[in-house]
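With TSV, C-alpha atoms and all ligand atoms inside, this is upload.tsv:
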chain	number	residue	atom	x	y	z
A	1	MET	CA	47.66	160.74	170.76
A	2	ARG	CA	45.82	163.04	173.17
A	3	GLN	CA	42.09	162.51	173.07
A	4	MET	CA	39.79	165.44	172.41
A	5	ILE	CA	36.47	166.14	174.10
A	6	ILE	CA	34.21	168.52	172.17
A	7	GLY	CA	30.98	169.91	173.59
A	8	ASN	CA	28.51	170.81	170.84
A	9	TRP	CA	25.87	173.01	172.41
A	10	LYS	CA	23.83	173.05	169.20
A	11	MET	CA	21.07	175.74	169.38
A	12	HIS	CA	21.19	176.08	173.16
A	13	GLY	CA	22.49	178.84	175.37
A	14	LEU	CA	21.47	182.43	176.03
A	15	ARG	CA	24.23	184.70	177.28
A	16	LYS	CA	23.76	184.14	181.02
A	17	ALA	CA	23.25	180.38	180.83
A	18	GLY	CA	26.13	179.97	178.37
A	19	THR	CA	28.46	182.06	180.49
A	20	ASP	CA	27.52	180.14	183.64
A	21	LEU	CA	28.06	176.81	181.88
A	22	ALA	CA	31.43	177.82	180.42
A	23	SER	CA	32.53	179.23	183.80
A	24	ALA	CA	31.55	176.06	185.66
A	25	ILE	CA	33.47	173.95	183.12
A	26	THR	CA	36.60	176.10	183.00
A	27	THR	CA	36.82	176.28	186.79
A	28	GLU	CA	37.44	172.55	186.93
A	29	ILE	CA	39.15	171.88	183.63
A	30	GLY	CA	42.75	172.41	184.74
A	31	THR	CA	43.78	168.86	185.59
A	32	ILE	CA	41.84	167.37	182.68
A	33	LEU	CA	43.79	169.49	180.20
A	34	LYS	CA	47.00	167.83	181.34
A	35	GLU	CA	45.80	164.72	179.52
A	36	ARG	CA	43.07	165.70	177.09
A	37	ASP	CA	42.18	168.57	174.76
A	38	VAL	CA	38.82	170.21	175.30
A	39	VAL	CA	36.80	172.36	172.90
A	40	LEU	CA	33.43	174.01	173.47
A	41	ALA	CA	31.23	174.80	170.47
A	42	PRO	CA	28.53	177.24	171.58
A	43	PRO	CA	26.09	178.92	169.17
A	44	PHE	CA	27.48	181.72	166.96
A	45	THR	CA	26.04	184.41	169.24
A	46	LEU	CA	28.30	183.38	172.12
A	47	LEU	CA	31.58	182.83	170.27
A	48	HIS	CA	33.06	186.28	170.62
A	49	HIS	CA	31.71	186.61	174.17
A	50	LEU	CA	33.17	183.32	175.45
A	51	PHE	CA	36.53	183.50	173.71
A	52	PRO	CA	38.42	185.36	176.49
A	53	LEU	CA	37.24	183.00	179.23
A	54	LEU	CA	37.95	179.83	177.25
A	55	SER	CA	41.32	180.94	175.96
A	56	GLU	CA	42.43	182.02	179.43
A	57	HIS	CA	41.81	178.44	180.62
A	58	GLY	CA	43.24	176.63	177.60
A	59	VAL	CA	39.89	175.47	176.24
A	60	GLY	CA	39.42	175.64	172.47
A	61	LEU	CA	36.55	177.54	170.90
A	62	GLY	CA	34.55	175.69	168.26
A	63	ALA	CA	31.85	176.81	165.83
A	64	GLN	CA	29.11	174.59	164.46
A	65	ASP	CA	29.29	175.53	160.78
A	66	CYS	CA	30.73	178.05	158.32
A	67	HIS	CA	29.90	179.17	154.80
A	68	ALA	CA	31.91	177.83	151.86
A	69	GLU	CA	32.55	181.30	150.35
A	70	ILE	CA	34.88	183.95	151.74
A	71	GLU	CA	32.18	186.66	151.84
A	72	GLY	CA	29.23	187.89	149.86
A	73	ALA	CA	25.47	188.30	149.71
A	74	TYR	CA	24.60	185.32	151.91
A	75	THR	CA	22.05	186.61	154.39
A	76	GLY	CA	22.24	184.89	157.74
A	77	ASP	CA	25.49	183.05	157.05
A	78	ILE	CA	28.85	183.20	158.83
A	79	SER	CA	32.21	182.93	157.06
A	80	ALA	CA	35.32	181.06	158.13
A	81	GLY	CA	37.15	184.40	158.33
A	82	MET	CA	34.52	185.75	160.75
A	83	LEU	CA	34.99	182.69	162.93
A	84	ALA	CA	38.76	183.05	162.98
A	85	ASP	CA	38.31	186.73	163.79
A	86	SER	CA	36.19	185.75	166.82
A	87	GLY	CA	38.89	183.45	168.22
A	88	VAL	CA	37.50	180.18	166.88
A	89	SER	CA	40.01	177.32	166.51
A	90	HIS	CA	37.74	174.44	165.41
A	91	VAL	CA	34.66	174.21	163.24
A	92	ILE	CA	32.20	171.31	163.08
A	93	LEU	CA	31.24	170.64	159.46
A	94	GLY	CA	28.78	168.26	157.84
A	95	HIS	CA	26.88	167.44	161.01
A	96	SER	CA	23.89	165.23	160.18
A	97	GLU	CA	21.55	167.92	161.50
A	98	ARG	CA	22.99	170.36	158.92
A	99	ARG	CA	22.76	167.71	156.23
A	100	GLU	CA	19.12	167.06	157.12
A	101	HIS	CA	17.78	170.54	157.87
A	102	HIS	CA	19.99	172.62	155.57
A	103	HIS	CA	20.34	170.07	152.76
A	104	GLU	CA	24.11	170.00	152.99
A	105	TYR	CA	25.83	167.48	150.73
A	106	ASN	CA	29.33	166.05	150.49
A	107	ALA	CA	30.70	168.35	147.77
A	108	LEU	CA	29.56	171.45	149.65
A	109	ILE	CA	31.06	170.15	152.88
A	110	LYS	CA	34.37	169.61	151.10
A	111	ARG	CA	34.37	173.25	149.99
A	112	LYS	CA	33.67	174.32	153.58
A	113	VAL	CA	36.53	172.13	154.81
A	114	MET	CA	38.95	173.79	152.40
A	115	ARG	CA	37.71	177.26	153.31
A	116	ALA	CA	38.08	176.52	157.01
A	117	ARG	CA	41.70	175.44	156.47
A	118	GLU	CA	42.39	178.56	154.46
A	119	PHE	CA	41.52	180.60	157.55
A	120	GLY	CA	43.51	178.43	159.94
A	121	LEU	CA	40.54	176.61	161.46
A	122	CYS	CA	40.65	172.90	162.25
A	123	PRO	CA	37.65	171.21	160.60
A	124	VAL	CA	35.81	168.51	162.54
A	125	VAL	CA	34.02	166.64	159.77
A	126	CYS	CA	31.03	164.51	160.78
A	127	VAL	CA	30.21	161.27	159.01
A	128	GLY	CA	27.69	158.63	159.97
A	129	GLU	CA	25.09	156.23	158.65
A	130	SER	CA	21.33	156.20	159.25
A	131	GLY	CA	19.56	153.37	161.08
A	132	ARG	CA	18.23	152.10	157.79
A	133	GLN	CA	21.67	152.02	156.16
A	134	LYS	CA	22.96	150.12	159.15
A	135	GLU	CA	20.17	147.54	158.92
A	136	GLU	CA	20.71	147.11	155.20
A	137	ASN	CA	24.46	146.68	155.63
A	138	LEU	CA	25.16	149.82	153.64
A	139	ALA	CA	26.97	151.70	156.39
A	140	GLU	CA	30.53	151.15	155.20
A	141	GLU	CA	29.73	152.01	151.61
A	142	TRP	CA	28.11	155.25	152.83
A	143	LEU	CA	30.94	156.14	155.21
A	144	GLY	CA	33.55	155.46	152.53
A	145	LYS	CA	31.71	157.80	150.16
A	146	GLN	CA	31.51	160.51	152.83
A	147	ILE	CA	35.26	160.25	153.44
A	148	THR	CA	36.25	160.44	149.78
A	149	GLU	CA	33.73	163.15	148.87
A	150	CYS	CA	34.01	165.43	151.94
A	151	LEU	CA	37.75	165.44	152.50
A	152	PRO	CA	40.35	167.06	150.24
A	153	PRO	CA	43.44	164.90	149.58
A	154	ASP	CA	45.56	166.99	151.96
A	155	PHE	CA	43.04	166.85	154.81
A	156	ASP	CA	44.69	167.21	158.22
A	157	GLY	CA	41.69	167.89	160.45
A	158	ILE	CA	39.50	165.69	162.61
A	159	VAL	CA	36.76	163.22	161.63
A	160	ALA	CA	33.81	162.51	163.91
A	161	TYR	CA	31.95	159.24	163.48
A	162	GLU	CA	28.37	160.00	164.46
A	163	PRO	CA	25.88	157.27	163.64
A	164	ILE	CA	22.62	159.15	163.06
A	165	TRP	CA	20.64	156.47	164.87
A	166	ALA	CA	22.59	157.14	168.07
A	167	ILE	CA	22.36	160.95	168.10
A	168	GLY	CA	20.02	162.29	170.76
A	169	THR	CA	18.48	158.87	171.37
A	170	GLY	CA	20.13	158.15	174.72
A	171	LYS	CA	21.54	154.96	173.22
A	172	ALA	CA	25.18	155.10	172.21
A	173	ALA	CA	26.71	152.58	169.81
A	174	THR	CA	28.30	149.55	171.46
A	175	GLN	CA	32.05	149.37	171.97
A	176	GLN	CA	32.22	146.63	169.32
A	177	ASP	CA	30.30	148.73	166.79
A	178	ILE	CA	32.49	151.75	167.46
A	179	GLU	CA	35.69	149.75	167.17
A	180	SER	CA	34.72	148.14	163.91
A	181	ARG	CA	33.52	151.41	162.33
A	182	LEU	CA	36.62	153.26	163.47
A	183	THR	CA	38.88	150.58	162.04
A	184	PHE	CA	37.03	150.96	158.77
A	185	LEU	CA	37.29	154.76	158.89
A	186	HIS	CA	41.02	154.77	159.72
A	187	ASP	CA	41.63	152.44	156.74
A	188	ALA	CA	39.43	154.52	154.44
A	189	LEU	CA	41.20	157.70	155.53
A	190	ALA	CA	44.64	156.21	154.97
A	191	ARG	CA	43.61	155.07	151.48
A	192	HIS	CA	42.04	158.40	150.59
A	193	LEU	CA	44.91	160.48	151.93
A	194	GLU	CA	47.49	158.04	150.52
A	195	THR	CA	49.33	157.60	153.77
A	196	ASP	CA	50.34	154.76	156.06
A	197	ASP	CA	49.72	156.97	159.06
A	198	LYS	CA	46.55	155.85	160.80
A	199	SER	CA	46.88	158.19	163.76
A	200	MET	CA	44.42	160.81	162.55
A	201	ARG	CA	41.93	161.77	165.22
A	202	VAL	CA	38.59	160.06	164.70
A	203	LEU	CA	36.07	160.93	167.40
A	204	TYR	CA	32.89	159.12	168.32
A	205	GLY	CA	29.62	161.01	168.85
A	206	GLY	CA	26.09	159.90	169.66
A	207	SER	CA	24.50	159.85	173.14
A	208	VAL	CA	27.80	159.85	175.03
A	209	LYS	CA	27.06	160.08	178.75
A	210	PRO	CA	29.33	160.15	181.81
A	211	GLU	CA	28.46	156.56	182.69
A	212	ASP	CA	29.62	155.07	179.39
A	213	ALA	CA	32.31	157.60	178.47
A	214	ALA	CA	35.20	155.63	179.99
A	215	SER	CA	34.35	152.51	178.00
A	216	ILE	CA	33.91	154.49	174.78
A	217	LEU	CA	37.17	156.39	175.28
A	218	ALA	CA	38.93	153.08	175.88
A	219	VAL	CA	37.94	151.68	172.48
A	220	PRO	CA	41.07	151.28	170.34
A	221	GLY	CA	41.31	154.02	167.73
A	222	VAL	CA	38.97	156.49	169.47
A	223	GLY	CA	40.52	159.94	169.33
A	224	GLY	CA	37.93	161.44	171.66
A	225	VAL	CA	34.22	162.21	171.75
A	226	LEU	CA	31.83	164.77	170.31
A	227	VAL	CA	29.18	165.38	172.94
A	228	GLY	CA	25.78	166.96	172.35
A	229	GLY	CA	23.11	166.81	175.06
A	230	ALA	CA	25.46	165.89	177.89
A	231	SER	CA	27.62	168.94	177.18
A	232	LEU	CA	24.83	171.23	178.40
A	233	SER	CA	25.52	170.37	182.04
A	234	ALA	CA	28.93	171.12	183.54
A	235	ARG	CA	28.69	168.09	185.76
A	236	SER	CA	28.01	165.62	182.96
A	237	PHE	CA	30.44	167.25	180.52
A	238	LEU	CA	33.24	167.24	183.10
A	239	GLY	CA	32.31	163.65	183.99
A	240	ILE	CA	32.86	162.69	180.37
A	241	ALA	CA	36.03	164.76	179.99
A	242	ARG	CA	37.67	163.10	182.99
A	243	ALA	CA	36.28	159.59	182.35
A	244	GLY	CA	38.93	156.93	182.58
A	245	LEU	CA	41.67	159.33	183.69
A	246	SER	CA	43.42	158.86	187.01
A	247	LEU	CA	43.62	162.51	187.97
A	248	ALA	CA	45.25	163.69	191.13
A	249	SER	CA	42.69	166.25	192.38
B	301	LIG	O1	27.42	166.78	167.95
B	301	LIG	C1	27.00	165.99	168.79
B	301	LIG	C2	26.22	164.84	168.41
B	301	LIG	O2	25.20	165.14	167.52
B	301	LIG	C3	25.79	163.99	169.55
B	301	LIG	O3	24.66	164.53	170.19
B	301	LIG	P1	24.11	163.76	171.49
B	301	LIG	O4	25.29	163.59	172.42
B	301	LIG	O5	23.06	164.68	172.05
B	301	LIG	O6	23.58	162.46	171.04

Just give me the structure as structure tokens.
Ligand SMILES: O=C[C@H](O)COP(=O)(O)O
Amino acid sequence: MRQMIIGNWKMHGLRKAGTDLASAITTEIGTILKERDVVLAPPFTLLHHLFPLLSEHGVGLGAQDCHAEIEGAYTGDISAGMLADSGVSHVILGHSERREHHHEYNALIKRKVMRAREFGLCPVVCVGESGRQKEENLAEEWLGKQITECLPPDFDGIVAYEPIWAIGTGKAATQQDIESRLTFLHDALARHLETDDKSMRVLYGGSVKPEDAASILAVPGVGGVLVGGASLSARSFLGIARAGLSLAS
């Protein structure tokens, strides 16, 4: 399975800075794309603007959320159809920052996942436990619930394991922690989707940096990484995207 590297810019990037960042990344992405898939998820305001550049270089365009309804009186919201119309291929759903600041819950995320599929978008569904749940040994119960409640039975998208305690803290989970959680998630997915196929892409996200990317990407079962802060610099994002690859320059 090809690994996927997604850069989630979150609420960063005015037009000039975003264009410069995307240009610096696409200029050097060619050899990386021979071995890995790369998606950039800028803020909504840059989607339409960056689509031509990214598509010309084979980089996917990701959004950071969509509404669960097709259209309607939802001031400030963006529909899955609008994303598809702007060239978006992937949409991040259920990120812990959306769950926290926009009170998103599993049943709503599931509706968004189904809507995204309806419009041909690949959902990247985030799951992850809090520090407290980890300490109290409740992580697996929580992750299992997120899998069964967020994903429809015919789910064919991507899951991103993002422990909340690792996001934006500068301290990624250990290789052992990632491996054991990913084993759990692959099993939970197979049970929920009633399949023996455990090759679904499950990404890791949470303080991934160029210096530890190779070891994270080498963990068995890791389908790639979802990168936040380090995706805001071309140098660090490219460092992560090429980590562990033996690329002829
Ligand atoms: O979507 C990305 C994750 O929230 C990780 O963010 P981070 O790399 O800044 O910790």

Worksheet item: ligand LIG 301 (chain B): which residues are within 8 Å, counting all atoms listed in the file, as a list in words?
Response: Gly7, Asn8, Trp9, Lys10, His95, Ser96, Glu97, Glu162, Ile164, Ala166, Ile167, Gly168, Thr169, Gly170, Ala172, Gly205, Gly206, Ser207, Val208, Lys209, Leu226, Val227, Gly228, Gly229, Ala230 and Ser231 of chain A

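Shell of Ala214 in chain A at 10 Å, with all atoms listed in the file counted and residues fewer than 5 places along the chain excluded, is Val208, Lys209, Val219, Gly239, Ile240, Ala241, Arg242, Ala243, Gly244 and Leu245 of chain A.
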
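Proximity of A:Asp156, A:Asp77, A:Phe237, A:Ser130 to Leu21 in chain A, computed with only C-alpha atoms, is greatest for A:Phe237.
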
Practice prompt. Write out as a VMD selection string which residues come within 8 Å of Leu46 in chain A when counting only C-alpha atoms, dropping same-chain ones fewer than 3 positions away.
Written response: chain A and resid 14 to 15 18 42 to 43 49 to 50

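Taking only C-alpha atoms into account, Leu83 in chain A lies nearest to A:Cys122 out of the set A:Leu189, A:Cys122, A:Leu217, A:Leu53.
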
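With distances restricted to only C-alpha atoms, A:Ser199 is the closest residue to Ile158 in chain A from A:Ser236, A:Thr26, A:Ser199, A:Thr174.
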
Residue list as a compact mmCIF listing (two decimals) with C-alpha atoms, in the frame of the given file for point (44.1, 180.5, 160.1), cut-off 12 Å, only C-alpha atoms:
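Okay, this is what ended up in result_26.txt:
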# COMPACT_ATOMS: atom_id res chain seq x y z
CA ALA A 80 35.32 181.06 158.13
CA GLY A 81 37.15 184.40 158.33
CA MET A 82 34.52 185.75 160.75
CA LEU A 83 34.99 182.69 162.93
CA ALA A 84 38.76 183.05 162.98
CA ASP A 85 38.31 186.73 163.79
CA SER A 86 36.19 185.75 166.82
CA GLY A 87 38.89 183.45 168.22
CA VAL A 88 37.50 180.18 166.88
CA SER A 89 40.01 177.32 166.51
CA HIS A 90 37.74 174.44 165.41
CA VAL A 91 34.66 174.21 163.24
CA MET A 114 38.95 173.79 152.40
CA ARG A 115 37.71 177.26 153.31
CA ALA A 116 38.08 176.52 157.01
CA ARG A 117 41.70 175.44 156.47
CA GLU A 118 42.39 178.56 154.46
CA PHE A 119 41.52 180.60 157.55
CA GLY A 120 43.51 178.43 159.94
CA LEU A 121 40.54 176.61 161.46
CA CYS A 122 40.65 172.90 162.25
CA PRO A 123 37.65 171.21 160.60

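For the pair CA of Ile178 in chain A and CA of Gly128 in chain A, the interatomic distance is 11.2 Å.
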
Discussion item. Could you tell me how far CA of Tyr161 in chain A sits from CA of Ala234 in chain A, in Å to one decimal place?
Written reply: 23.5 Å
